[in-house]
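Source file: model_37.cif; contents: mmCIF, C-alpha atoms.
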data_protein
loop_
_atom_site.label_atom_id
_atom_site.label_comp_id
_atom_site.auth_asym_id
_atom_site.auth_seq_id
_atom_site.Cartn_x
_atom_site.Cartn_y
_atom_site.Cartn_z
CA MET A 1 0.00 0.00 0.00
CA SER A 2 1.30 3.42 -0.90
CA ASP A 3 1.43 6.31 1.53
CA TYR A 4 -1.21 8.93 0.87
CA LYS A 5 -1.47 12.26 2.70
CA ILE A 6 -3.88 15.06 2.00
CA PRO A 7 -2.77 18.33 3.64
CA ASP A 8 -4.59 19.59 6.73
CA HIS A 9 -6.55 16.38 7.28
CA GLU A 10 -5.72 13.17 9.05
CA MET A 11 -6.24 9.78 7.49
CA MET A 12 -6.75 6.67 9.57
CA VAL A 13 -7.33 3.03 8.72
CA VAL A 14 -8.51 0.93 11.66
CA ALA A 15 -9.41 -2.77 11.36
CA PHE A 16 -11.63 -4.88 13.61
CA ASP A 17 -12.10 -8.63 14.01
CA ASN A 18 -15.81 -8.53 13.20
CA GLU A 19 -17.96 -7.40 10.29
CA THR A 20 -19.92 -4.64 12.05
CA GLU A 21 -17.60 -2.58 14.22
CA ALA A 22 -16.09 -0.40 11.47
CA ASP A 23 -19.60 0.69 10.49
CA GLU A 24 -20.34 1.46 14.16
CA VAL A 25 -17.19 3.62 14.27
CA LEU A 26 -18.40 5.46 11.16
CA ASN A 27 -21.76 6.14 12.80
CA THR A 28 -19.97 7.38 15.93
CA LEU A 29 -17.77 9.69 13.83
CA LYS A 30 -20.87 11.07 12.11
CA GLY A 31 -22.46 11.71 15.50
CA MET A 32 -19.32 13.45 16.74
CA GLU A 33 -19.33 15.57 13.58
CA SER A 34 -22.80 16.86 14.42
CA MET A 35 -21.43 17.88 17.86
CA ASP A 36 -18.39 19.64 16.31
CA ILE A 37 -15.99 17.18 17.97
CA VAL A 38 -14.61 16.02 14.62
CA ASP A 39 -14.90 17.19 11.04
CA LEU A 40 -15.45 14.03 9.00
CA LYS A 41 -14.47 14.73 5.42
CA SER A 42 -15.02 11.31 3.90
CA ALA A 43 -14.91 7.66 4.84
CA ALA A 44 -15.18 4.12 3.57
CA VAL A 45 -16.15 0.99 5.46
CA ILE A 46 -14.63 -2.21 4.11
CA VAL A 47 -16.07 -5.58 5.14
CA SER A 48 -14.62 -9.00 4.50
CA SER A 49 -17.46 -11.47 5.04
CA ALA A 50 -17.06 -14.89 6.65
CA SER A 51 -16.85 -16.30 3.11
CA GLY A 52 -14.07 -13.84 2.23
CA GLU A 53 -16.16 -11.61 -0.05
CA VAL A 54 -14.99 -7.98 0.24
CA LYS A 55 -17.52 -5.14 0.10
CA ILE A 56 -16.66 -1.43 0.17
CA LYS A 57 -19.19 1.17 1.30
CA GLU A 58 -17.99 4.71 0.54
CA THR A 59 -19.33 7.95 1.91
CA SER A 60 -18.31 11.28 0.47
CA ASP A 61 -19.90 14.06 2.43
CA PHE A 62 -17.47 16.68 1.12
CA ASP A 63 -17.83 20.26 2.14
CA THR A 64 -16.93 22.86 -0.50
CA LYS A 65 -13.32 23.14 0.69
CA GLN A 66 -12.89 19.37 0.68
CA GLY A 67 -14.49 19.13 -2.75
CA ALA A 68 -11.77 21.37 -4.12
CA ILE A 69 -9.07 19.31 -2.43
CA GLY A 70 -10.69 16.04 -3.52
CA GLY A 71 -11.00 17.29 -7.07
CA ALA A 72 -7.31 18.13 -7.15
CA VAL A 73 -6.26 14.64 -6.11
CA ALA A 74 -6.56 11.79 -8.58
CA GLY A 75 -8.64 8.85 -7.44
CA GLY A 76 -11.79 8.16 -5.52
CA VAL A 77 -12.86 8.60 -1.94
CA LEU A 78 -10.29 10.27 0.33
CA GLY A 79 -8.13 11.01 -2.66
CA LEU A 80 -7.26 7.31 -2.69
CA ASP A 81 -8.00 5.19 -5.67
CA ASP A 82 -10.18 2.11 -5.51
CA GLU A 83 -7.08 -0.08 -5.62
CA PHE A 84 -6.03 1.25 -2.21
CA LEU A 85 -9.42 0.43 -0.71
CA LYS A 86 -9.37 -3.00 -2.36
CA SER A 87 -5.89 -3.67 -0.99
CA VAL A 88 -7.13 -2.83 2.52
CA GLY A 89 -9.97 -5.32 1.99
CA ASP A 90 -7.62 -7.96 0.62
CA ASN A 91 -5.51 -7.67 3.77
CA LEU A 92 -8.46 -8.17 6.11
CA GLY A 93 -9.17 -11.61 7.45
CA SER A 94 -12.54 -13.24 6.82
CA GLY A 95 -15.28 -11.94 9.10
CA SER A 96 -13.61 -8.59 9.76
CA SER A 97 -13.99 -4.93 8.82
CA ALA A 98 -12.03 -1.69 8.55
CA ILE A 99 -12.78 2.00 8.42
CA VAL A 100 -10.78 4.38 6.26
CA ALA A 101 -11.54 7.96 7.28
CA LEU A 102 -10.35 11.43 6.39
CA VAL A 103 -11.04 13.47 9.51
CA ASP A 104 -10.00 16.52 11.48
CA PHE A 105 -10.03 15.92 15.24
CA GLU A 106 -11.28 19.27 16.53
CA GLN A 107 -11.62 18.10 20.15
CA VAL A 108 -9.17 15.21 20.44
CA ASP A 109 -9.85 14.20 24.05
CA GLN A 110 -13.64 14.13 23.59
CA ALA A 111 -13.29 12.17 20.35
CA MET A 112 -11.08 9.58 22.00
CA GLU A 113 -13.56 9.18 24.87
CA GLU A 114 -16.18 8.24 22.28
CA LEU A 115 -13.83 5.95 20.32
CA ASP A 116 -12.67 4.22 23.51
CA LYS A 117 -15.72 1.93 23.39
CA PHE A 118 -14.31 0.30 20.23
CA GLU A 119 -11.65 -1.95 21.71
CA GLY A 120 -9.76 -4.58 19.80
CA GLY A 121 -9.07 -2.43 16.76
CA ARG A 122 -5.74 -2.37 14.93
CA ILE A 123 -4.45 0.83 13.38
CA LEU A 124 -3.23 -0.29 9.95
CA ARG A 125 -2.23 3.07 8.50
CA HIS A 126 -2.44 6.70 9.53
CA SER A 127 -1.27 10.22 8.89
CA LEU A 128 -2.14 11.31 12.42
CA SER A 129 0.06 13.51 14.56
CA ASP A 130 2.06 11.60 17.17
CA GLU A 131 -0.25 12.88 19.93
CA VAL A 132 -3.48 11.90 18.16
CA TYR A 133 -2.03 8.52 17.11
CA ALA A 134 -1.08 7.71 20.72
CA LYS A 135 -4.55 8.62 21.95
CA LEU A 136 -6.32 6.68 19.16
CA SER A 137 -4.11 3.67 19.78
CA GLU A 138 -4.93 3.77 23.48
CA ALA A 139 -8.65 4.12 22.70
CA VAL A 140 -9.15 1.36 20.12
CA GLU A 141 -6.29 -1.10 20.59
CA ASP A 142 -7.05 -2.09 24.22
#

Kindly return the structure encoded in the file as structure tokens.
Amino acid sequence: MSDYKIPDHEMMVVAFDNETEADEVLNTLKGMESMDIVDLKSAAVIVSSASGEVKIKETSDFDTKQGAIGGAVAGGVLGLDDEFLKSVGDNLGSGSSAIVALVDFEQVDQAMEELDKFEGGRILRHSLSDEVYAKLSEAVED
């Protein structure tokens, strides 16, 4: 997988050992966005079913600023092409899921309190600051 970084936003890829938790994280991020705790730019949930079939559900709730950034970067959601999302899916074990999110953590501590309920996650890739990475790791990798 190649490294991708879009300026001023943080990208995270977190995997879970079940098919539903990544979608639950997405719903939590959306809820935090409505409370101005995070600014969720875009996300994809990738699920590898028990039979090994990979499904990708993309969201692209771009604001006007993000639309300009997204338009300037070749590829699909998050400025990453579909091959990146497929490679994340191919690296998931059967019966697991992952969330790929482009997000600004506006209130890091509050966000991590919310994400702390999602234990057992593995951070596969990120462009987070060292401080945010440490807090996310503590929240989801317990």

Here's the selection I'm unsure about, the PyMOL selection byres ((chain A and resi 100) around 8); applied to the file above, which residues does it give, as a PyMOL selection string? chain A and resi 11-14+43-46+98-99+101-102

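The residue set within 6 Å of Val38 of chain A, counting all atoms listed in the file and dropping same-chain residues fewer than 4 places from it, reads Met32, Glu33, Asp104, Phe105 and Glu106 of chain A.
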
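Proximity ranking of A:Phe84, A:Glu19, A:Val108, A:Glu119 relative to Ser51 of chain A places A:Glu19 first, based on only C-alpha atoms.
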
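Run against this file, the PyMOL selection byres ((chain A and resi 89-91) around 9) gives back Ile46, Val47, Ser48, Gly52, Val54, Lys55, Ile56, Phe84, Leu85, Lys86, Ser87, Val88, Leu92, Gly93, Ser97 and Ala98 of chain A.
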
If the PyMOL selection byres ((chain A and resi 137) around 12) is run on the structure shown, which residues does it catch, given as a PyMOL selection string? chain A and resi 12-15+112+115-116+118-126+128-136+138-142

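Here atom CA of Asp39 of chain A is placed at a distance of 5.6 Å from atom CA of Val103 of chain A.
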
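Taking atom CA of Lys117 of chain A and atom CA of Asp82 of chain A as endpoints, the distance between them is 29.4 Å.
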
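Taking atom CA of Lys57 of chain A and atom CA of Glu113 of chain A as endpoints, the distance between them is 25.5 Å.
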
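Candidate residues A:Glu83, A:Ile37, A:Thr59, A:Ser94 were compared for distance to Asp17 of chain A, and the nearest is A:Ser94, using only C-alpha atoms.
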
Please return the centre and edge lengths, in Å to one decimal, of a box with edges along x, y and z that contains all listed atoms of segment 100-110 of chain A, widened by 8 Å on every side, as lines of an AutoDock Vina configuration file.
center_x = -11.4
center_y = 11.8
center_z = 15.2
size_x = 20.5
size_y = 30.9
size_z = 33.8
